[in-house]
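The file upload14.cif comes next; it holds mmCIF, N, CA and C atoms.
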```cif
data_work
#
loop_
_atom_site.label_atom_id
_atom_site.label_comp_id
_atom_site.auth_asym_id
_atom_site.auth_seq_id
_atom_site.Cartn_x
_atom_site.Cartn_y
_atom_site.Cartn_z
N MET A 30 0.81 -1.18 0.00
CA MET A 30 0.00 0.00 0.00
C MET A 30 0.87 1.27 0.00
N ILE A 31 1.96 1.24 0.74
CA ILE A 31 2.86 2.40 0.77
C ILE A 31 3.52 2.59 -0.59
N PHE A 32 3.92 1.49 -1.22
CA PHE A 32 4.55 1.62 -2.54
C PHE A 32 3.54 2.11 -3.58
N ASN A 33 2.28 1.77 -3.41
CA ASN A 33 1.25 2.31 -4.31
C ASN A 33 1.19 3.82 -4.19
N LYS A 34 1.25 4.33 -2.97
CA LYS A 34 1.20 5.77 -2.73
C LYS A 34 2.45 6.46 -3.29
N LEU A 35 3.62 5.88 -3.01
CA LEU A 35 4.87 6.47 -3.50
C LEU A 35 4.91 6.51 -5.02
N SER A 36 4.47 5.43 -5.65
CA SER A 36 4.50 5.38 -7.12
C SER A 36 3.47 6.33 -7.72
N LYS A 37 2.31 6.46 -7.06
CA LYS A 37 1.28 7.37 -7.56
C LYS A 37 1.78 8.81 -7.52
N GLU A 38 2.56 9.17 -6.50
CA GLU A 38 3.12 10.52 -6.40
C GLU A 38 4.02 10.83 -7.59
N LYS A 39 4.64 9.81 -8.16
CA LYS A 39 5.55 9.98 -9.31
C LYS A 39 4.85 9.67 -10.63
N ASN A 40 3.54 9.38 -10.58
CA ASN A 40 2.76 9.02 -11.76
C ASN A 40 3.34 7.81 -12.49
N LEU A 41 3.73 6.79 -11.71
CA LEU A 41 4.31 5.57 -12.26
C LEU A 41 3.56 4.35 -11.75
N ASP A 42 3.60 3.29 -12.52
CA ASP A 42 3.16 1.98 -12.07
C ASP A 42 4.11 1.54 -10.95
N VAL A 43 3.63 0.74 -10.01
CA VAL A 43 4.46 0.32 -8.88
C VAL A 43 5.76 -0.34 -9.35
N ASP A 44 5.67 -1.26 -10.29
CA ASP A 44 6.89 -1.95 -10.75
C ASP A 44 7.84 -0.99 -11.46
N ASP A 45 7.29 -0.05 -12.22
CA ASP A 45 8.14 0.95 -12.87
C ASP A 45 8.82 1.84 -11.84
N TYR A 46 8.09 2.18 -10.79
CA TYR A 46 8.66 2.98 -9.70
C TYR A 46 9.81 2.23 -9.02
N ILE A 47 9.60 0.95 -8.73
CA ILE A 47 10.64 0.13 -8.10
C ILE A 47 11.87 0.08 -9.00
N LYS A 48 11.65 -0.19 -10.28
CA LYS A 48 12.77 -0.30 -11.22
C LYS A 48 13.55 1.00 -11.31
N GLN A 49 12.85 2.12 -11.33
CA GLN A 49 13.51 3.42 -11.51
C GLN A 49 14.21 3.91 -10.26
N TYR A 50 13.67 3.63 -9.09
CA TYR A 50 14.20 4.25 -7.87
C TYR A 50 14.88 3.29 -6.89
N SER A 51 14.97 2.01 -7.20
CA SER A 51 15.56 1.07 -6.23
C SER A 51 17.03 1.37 -5.93
N MET A 52 17.80 1.74 -6.91
CA MET A 52 19.21 2.06 -6.65
C MET A 52 19.34 3.25 -5.72
N GLU A 53 18.47 4.22 -5.87
CA GLU A 53 18.51 5.42 -5.03
C GLU A 53 18.15 5.11 -3.57
N PHE A 54 17.17 4.26 -3.37
CA PHE A 54 16.67 4.02 -2.02
C PHE A 54 17.32 2.84 -1.29
N ILE A 55 17.70 1.79 -2.03
CA ILE A 55 18.28 0.62 -1.34
C ILE A 55 19.63 0.18 -1.91
N CYS A 56 20.15 0.92 -2.86
CA CYS A 56 21.46 0.64 -3.47
C CYS A 56 21.54 -0.76 -4.08
N LEU A 57 20.42 -1.26 -4.53
CA LEU A 57 20.33 -2.53 -5.24
C LEU A 57 19.32 -2.37 -6.37
N GLN A 58 19.59 -3.01 -7.51
CA GLN A 58 18.63 -2.93 -8.61
C GLN A 58 17.56 -3.99 -8.44
N ARG A 59 16.33 -3.54 -8.36
CA ARG A 59 15.17 -4.42 -8.33
C ARG A 59 14.24 -3.93 -9.42
N ASP A 60 13.58 -4.87 -10.10
CA ASP A 60 12.74 -4.51 -11.24
C ASP A 60 11.24 -4.59 -10.96
N SER A 61 10.87 -5.11 -9.79
CA SER A 61 9.45 -5.19 -9.46
C SER A 61 9.28 -5.31 -7.95
N LEU A 62 8.08 -5.06 -7.51
CA LEU A 62 7.77 -5.15 -6.09
C LEU A 62 7.99 -6.58 -5.58
N GLY A 63 7.71 -7.56 -6.41
CA GLY A 63 7.88 -8.96 -6.03
C GLY A 63 9.33 -9.35 -5.77
N GLU A 64 10.27 -8.60 -6.30
CA GLU A 64 11.69 -8.89 -6.09
C GLU A 64 12.24 -8.32 -4.79
N LEU A 65 11.51 -7.39 -4.17
CA LEU A 65 11.98 -6.77 -2.92
C LEU A 65 11.79 -7.73 -1.75
N SER A 66 12.81 -7.86 -0.93
CA SER A 66 12.64 -8.60 0.32
C SER A 66 11.92 -7.69 1.31
N GLU A 67 11.43 -8.28 2.37
CA GLU A 67 10.76 -7.50 3.40
C GLU A 67 11.71 -6.47 4.00
N LYS A 68 12.95 -6.88 4.24
CA LYS A 68 13.94 -5.97 4.81
C LYS A 68 14.24 -4.82 3.86
N GLU A 69 14.39 -5.11 2.56
CA GLU A 69 14.64 -4.05 1.58
C GLU A 69 13.47 -3.08 1.53
N GLY A 70 12.26 -3.60 1.58
CA GLY A 70 11.07 -2.75 1.58
C GLY A 70 11.03 -1.86 2.81
N ASP A 71 11.34 -2.43 3.96
CA ASP A 71 11.37 -1.64 5.20
C ASP A 71 12.42 -0.54 5.13
N ASN A 72 13.61 -0.88 4.61
CA ASN A 72 14.67 0.12 4.48
C ASN A 72 14.25 1.23 3.52
N TRP A 73 13.61 0.87 2.44
CA TRP A 73 13.15 1.83 1.44
C TRP A 73 12.14 2.79 2.08
N ILE A 74 11.15 2.24 2.75
CA ILE A 74 10.11 3.05 3.37
C ILE A 74 10.70 3.98 4.43
N HIS A 75 11.63 3.45 5.20
CA HIS A 75 12.29 4.27 6.22
C HIS A 75 13.04 5.44 5.58
N ARG A 76 13.76 5.17 4.52
CA ARG A 76 14.52 6.23 3.83
C ARG A 76 13.59 7.25 3.20
N ALA A 77 12.51 6.77 2.58
CA ALA A 77 11.55 7.68 1.96
C ALA A 77 10.91 8.58 3.03
N TYR A 78 10.65 8.01 4.20
CA TYR A 78 10.09 8.79 5.29
C TYR A 78 11.08 9.87 5.75
N LEU A 79 12.32 9.50 5.92
CA LEU A 79 13.33 10.47 6.36
C LEU A 79 13.49 11.60 5.35
N LEU A 80 13.46 11.27 4.08
CA LEU A 80 13.61 12.28 3.03
C LEU A 80 12.40 13.21 2.96
N SER A 81 11.26 12.74 3.41
CA SER A 81 10.05 13.56 3.34
C SER A 81 9.96 14.57 4.47
N MET A 82 10.85 14.43 5.45
CA MET A 82 10.79 15.33 6.61
C MET A 82 11.43 16.66 6.31
#
```

Turn this file's structure into structure tokens for me.
Amino acid sequence: MIFNKLSKEKNLDVDDYIKQYSMEFICLQRDSLGELSEKEGDNWIHRAYLLSM
């Protein structure tokens, strides 16, 4: 649900958002939401939250 919100803010499909921004947020290339581990997703969300402050 959080990735849906983040991708909508960028006017991208969730998988396109993951592919485009994964290196920036988790320093690993991922091409879809299904490829993210739970830990990677948590790290991404945490970083996105910090950047939004």

Write down as JSON, numbers by chain the residues belonging to chain A that are assigned helix (DSSP H, G or I) by DSSP computed on the backbone.
{"A": [31, 32, 33, 34, 35, 36, 37, 38, 43, 44, 45, 46, 47, 48, 49, 50, 51, 52, 53, 54, 55, 62, 63, 64, 67, 68, 69, 70, 71, 72, 73, 74, 75, 76, 77, 78, 79, 80, 81]}

Go through A:Lys34, A:Lys39, A:Arg76, A:Lys48 one by one, measure the shortest atom-to-atom distance of each to Ser61 of chain A using only N, CA and C atoms, and give the residue with the smallest value.
A:Lys48

So the first atom is atom CA of Asp45 of chain A and the second is atom C of Ser81 of chain A; what is the distance between them in Å, to one decimal place?
22.1 Å

Under the PyMOL selection byres (((chain A and resi 32 and name CA) around 10) and name CA), which residues of this model are included? Write them out as a ChimeraX atom specification.
/A:30-31,33-38,42-44,46-47,62,70,73-74

Could you check how far atom CA of Leu65 of chain A sits from atom CA of Met82 of chain A, in Å to one decimal?
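The value is 24.1 Å.
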
Please compute the atom CA of Ile55 of chain A-atom CA of Leu41 of chain A distance, one decimal, in Å.
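Spanning atom CA of Ile55 of chain A to atom CA of Leu41 of chain A is a straight-line distance of 18.4 Å.
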
Written coordinates, all heavy atoms of segment 44-55 of chain A as an mmCIF file, in the first residue's frame:
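File selection21.cif, as written:
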```cif
data_model
loop_
_atom_site.group_PDB
_atom_site.id
_atom_site.type_symbol
_atom_site.label_atom_id
_atom_site.label_comp_id
_atom_site.auth_asym_id
_atom_site.auth_seq_id
_atom_site.Cartn_x
_atom_site.Cartn_y
_atom_site.Cartn_z
ATOM 1 N N ASP A 44 5.673 -1.260 -10.286
ATOM 2 C CA ASP A 44 6.886 -1.946 -10.750
ATOM 3 C C ASP A 44 7.837 -0.986 -11.462
ATOM 4 O O ASP A 44 9.056 -1.088 -11.312
ATOM 5 C CB ASP A 44 6.532 -3.129 -11.650
ATOM 6 C CG ASP A 44 5.932 -4.287 -10.868
ATOM 7 O OD1 ASP A 44 6.153 -4.381 -9.638
ATOM 8 O OD2 ASP A 44 5.249 -5.125 -11.487
ATOM 9 N N ASP A 45 7.288 -0.047 -12.220
ATOM 10 C CA ASP A 45 8.138 0.955 -12.874
ATOM 11 C C ASP A 45 8.821 1.844 -11.837
ATOM 12 O O ASP A 45 9.989 2.202 -11.982
ATOM 13 C CB ASP A 45 7.331 1.820 -13.839
ATOM 14 C CG ASP A 45 6.853 1.049 -15.054
ATOM 15 O OD1 ASP A 45 7.491 0.029 -15.406
ATOM 16 O OD2 ASP A 45 5.835 1.455 -15.646
ATOM 17 N N TYR A 46 8.095 2.182 -10.787
ATOM 18 C CA TYR A 46 8.664 2.982 -9.695
ATOM 19 C C TYR A 46 9.813 2.234 -9.024
ATOM 20 O O TYR A 46 10.883 2.796 -8.803
ATOM 21 C CB TYR A 46 7.564 3.320 -8.686
ATOM 22 C CG TYR A 46 8.073 3.993 -7.436
ATOM 23 C CD1 TYR A 46 8.426 5.334 -7.444
ATOM 24 C CD2 TYR A 46 8.208 3.288 -6.256
ATOM 25 C CE1 TYR A 46 8.906 5.963 -6.304
ATOM 26 C CE2 TYR A 46 8.680 3.902 -5.106
ATOM 27 C CZ TYR A 46 9.029 5.236 -5.132
ATOM 28 O OH TYR A 46 9.511 5.834 -3.999
ATOM 29 N N ILE A 47 9.597 0.949 -8.732
ATOM 30 C CA ILE A 47 10.635 0.132 -8.101
ATOM 31 C C ILE A 47 11.868 0.078 -8.999
ATOM 32 O O ILE A 47 12.995 0.272 -8.538
ATOM 33 C CB ILE A 47 10.127 -1.298 -7.813
ATOM 34 C CG1 ILE A 47 8.941 -1.287 -6.840
ATOM 35 C CG2 ILE A 47 11.251 -2.198 -7.327
ATOM 36 C CD1 ILE A 47 9.237 -0.859 -5.446
ATOM 37 N N LYS A 48 11.647 -0.187 -10.278
ATOM 38 C CA LYS A 48 12.766 -0.302 -11.219
ATOM 39 C C LYS A 48 13.553 1.002 -11.311
ATOM 40 O O LYS A 48 14.778 0.999 -11.320
ATOM 41 C CB LYS A 48 12.241 -0.699 -12.597
ATOM 42 C CG LYS A 48 13.313 -0.996 -13.596
ATOM 43 C CD LYS A 48 12.715 -1.527 -14.882
ATOM 44 C CE LYS A 48 13.805 -1.965 -15.828
ATOM 45 N NZ LYS A 48 13.250 -2.609 -17.023
ATOM 46 N N GLN A 49 12.847 2.124 -11.329
ATOM 47 C CA GLN A 49 13.508 3.415 -11.513
ATOM 48 C C GLN A 49 14.214 3.913 -10.257
ATOM 49 O O GLN A 49 15.272 4.536 -10.341
ATOM 50 C CB GLN A 49 12.479 4.453 -11.966
ATOM 51 C CG GLN A 49 13.096 5.780 -12.328
ATOM 52 C CD GLN A 49 12.108 6.704 -13.014
ATOM 53 O OE1 GLN A 49 11.102 6.271 -13.558
ATOM 54 N NE2 GLN A 49 12.399 7.980 -12.990
ATOM 55 N N TYR A 50 13.674 3.634 -9.085
ATOM 56 C CA TYR A 50 14.197 4.246 -7.869
ATOM 57 C C TYR A 50 14.885 3.291 -6.890
ATOM 58 O O TYR A 50 15.376 3.727 -5.858
ATOM 59 C CB TYR A 50 13.073 4.985 -7.128
ATOM 60 C CG TYR A 50 12.617 6.212 -7.861
ATOM 61 C CD1 TYR A 50 11.480 6.190 -8.656
ATOM 62 C CD2 TYR A 50 13.339 7.401 -7.782
ATOM 63 C CE1 TYR A 50 11.063 7.314 -9.348
ATOM 64 C CE2 TYR A 50 12.939 8.528 -8.466
ATOM 65 C CZ TYR A 50 11.792 8.480 -9.248
ATOM 66 O OH TYR A 50 11.393 9.591 -9.932
ATOM 67 N N SER A 51 14.973 2.007 -7.196
ATOM 68 C CA SER A 51 15.556 1.068 -6.234
ATOM 69 C C SER A 51 17.026 1.369 -5.934
ATOM 70 O O SER A 51 17.449 1.275 -4.775
ATOM 71 C CB SER A 51 15.396 -0.374 -6.702
ATOM 72 O OG SER A 51 16.067 -0.604 -7.925
ATOM 73 N N MET A 52 17.795 1.743 -6.912
ATOM 74 C CA MET A 52 19.207 2.062 -6.653
ATOM 75 C C MET A 52 19.336 3.254 -5.716
ATOM 76 O O MET A 52 20.203 3.273 -4.839
ATOM 77 C CB MET A 52 19.957 2.333 -7.956
ATOM 78 C CG MET A 52 20.235 1.094 -8.784
ATOM 79 S SD MET A 52 21.290 -0.103 -7.955
ATOM 80 C CE MET A 52 22.843 0.741 -7.982
ATOM 81 N N GLU A 53 18.469 4.221 -5.866
ATOM 82 C CA GLU A 53 18.509 5.419 -5.029
ATOM 83 C C GLU A 53 18.148 5.105 -3.571
ATOM 84 O O GLU A 53 18.767 5.627 -2.650
ATOM 85 C CB GLU A 53 17.528 6.458 -5.579
ATOM 86 C CG GLU A 53 17.464 7.732 -4.771
ATOM 87 C CD GLU A 53 16.478 8.735 -5.345
ATOM 88 O OE1 GLU A 53 16.170 8.675 -6.556
ATOM 89 O OE2 GLU A 53 16.023 9.575 -4.569
ATOM 90 N N PHE A 54 17.170 4.256 -3.373
ATOM 91 C CA PHE A 54 16.675 4.020 -2.021
ATOM 92 C C PHE A 54 17.322 2.844 -1.294
ATOM 93 O O PHE A 54 17.446 2.876 -0.072
ATOM 94 C CB PHE A 54 15.153 3.844 -2.021
ATOM 95 C CG PHE A 54 14.424 5.151 -2.162
ATOM 96 C CD1 PHE A 54 13.995 5.591 -3.395
ATOM 97 C CD2 PHE A 54 14.182 5.940 -1.062
ATOM 98 C CE1 PHE A 54 13.335 6.803 -3.540
ATOM 99 C CE2 PHE A 54 13.524 7.148 -1.179
ATOM 100 C CZ PHE A 54 13.102 7.578 -2.417
ATOM 101 N N ILE A 55 17.703 1.785 -2.026
ATOM 102 C CA ILE A 55 18.276 0.619 -1.341
ATOM 103 C C ILE A 55 19.626 0.182 -1.911
ATOM 104 O O ILE A 55 20.175 -0.823 -1.484
ATOM 105 C CB ILE A 55 17.297 -0.577 -1.321
ATOM 106 C CG1 ILE A 55 16.938 -1.029 -2.740
ATOM 107 C CG2 ILE A 55 16.064 -0.263 -0.486
ATOM 108 C CD1 ILE A 55 16.167 -2.332 -2.807
#
```
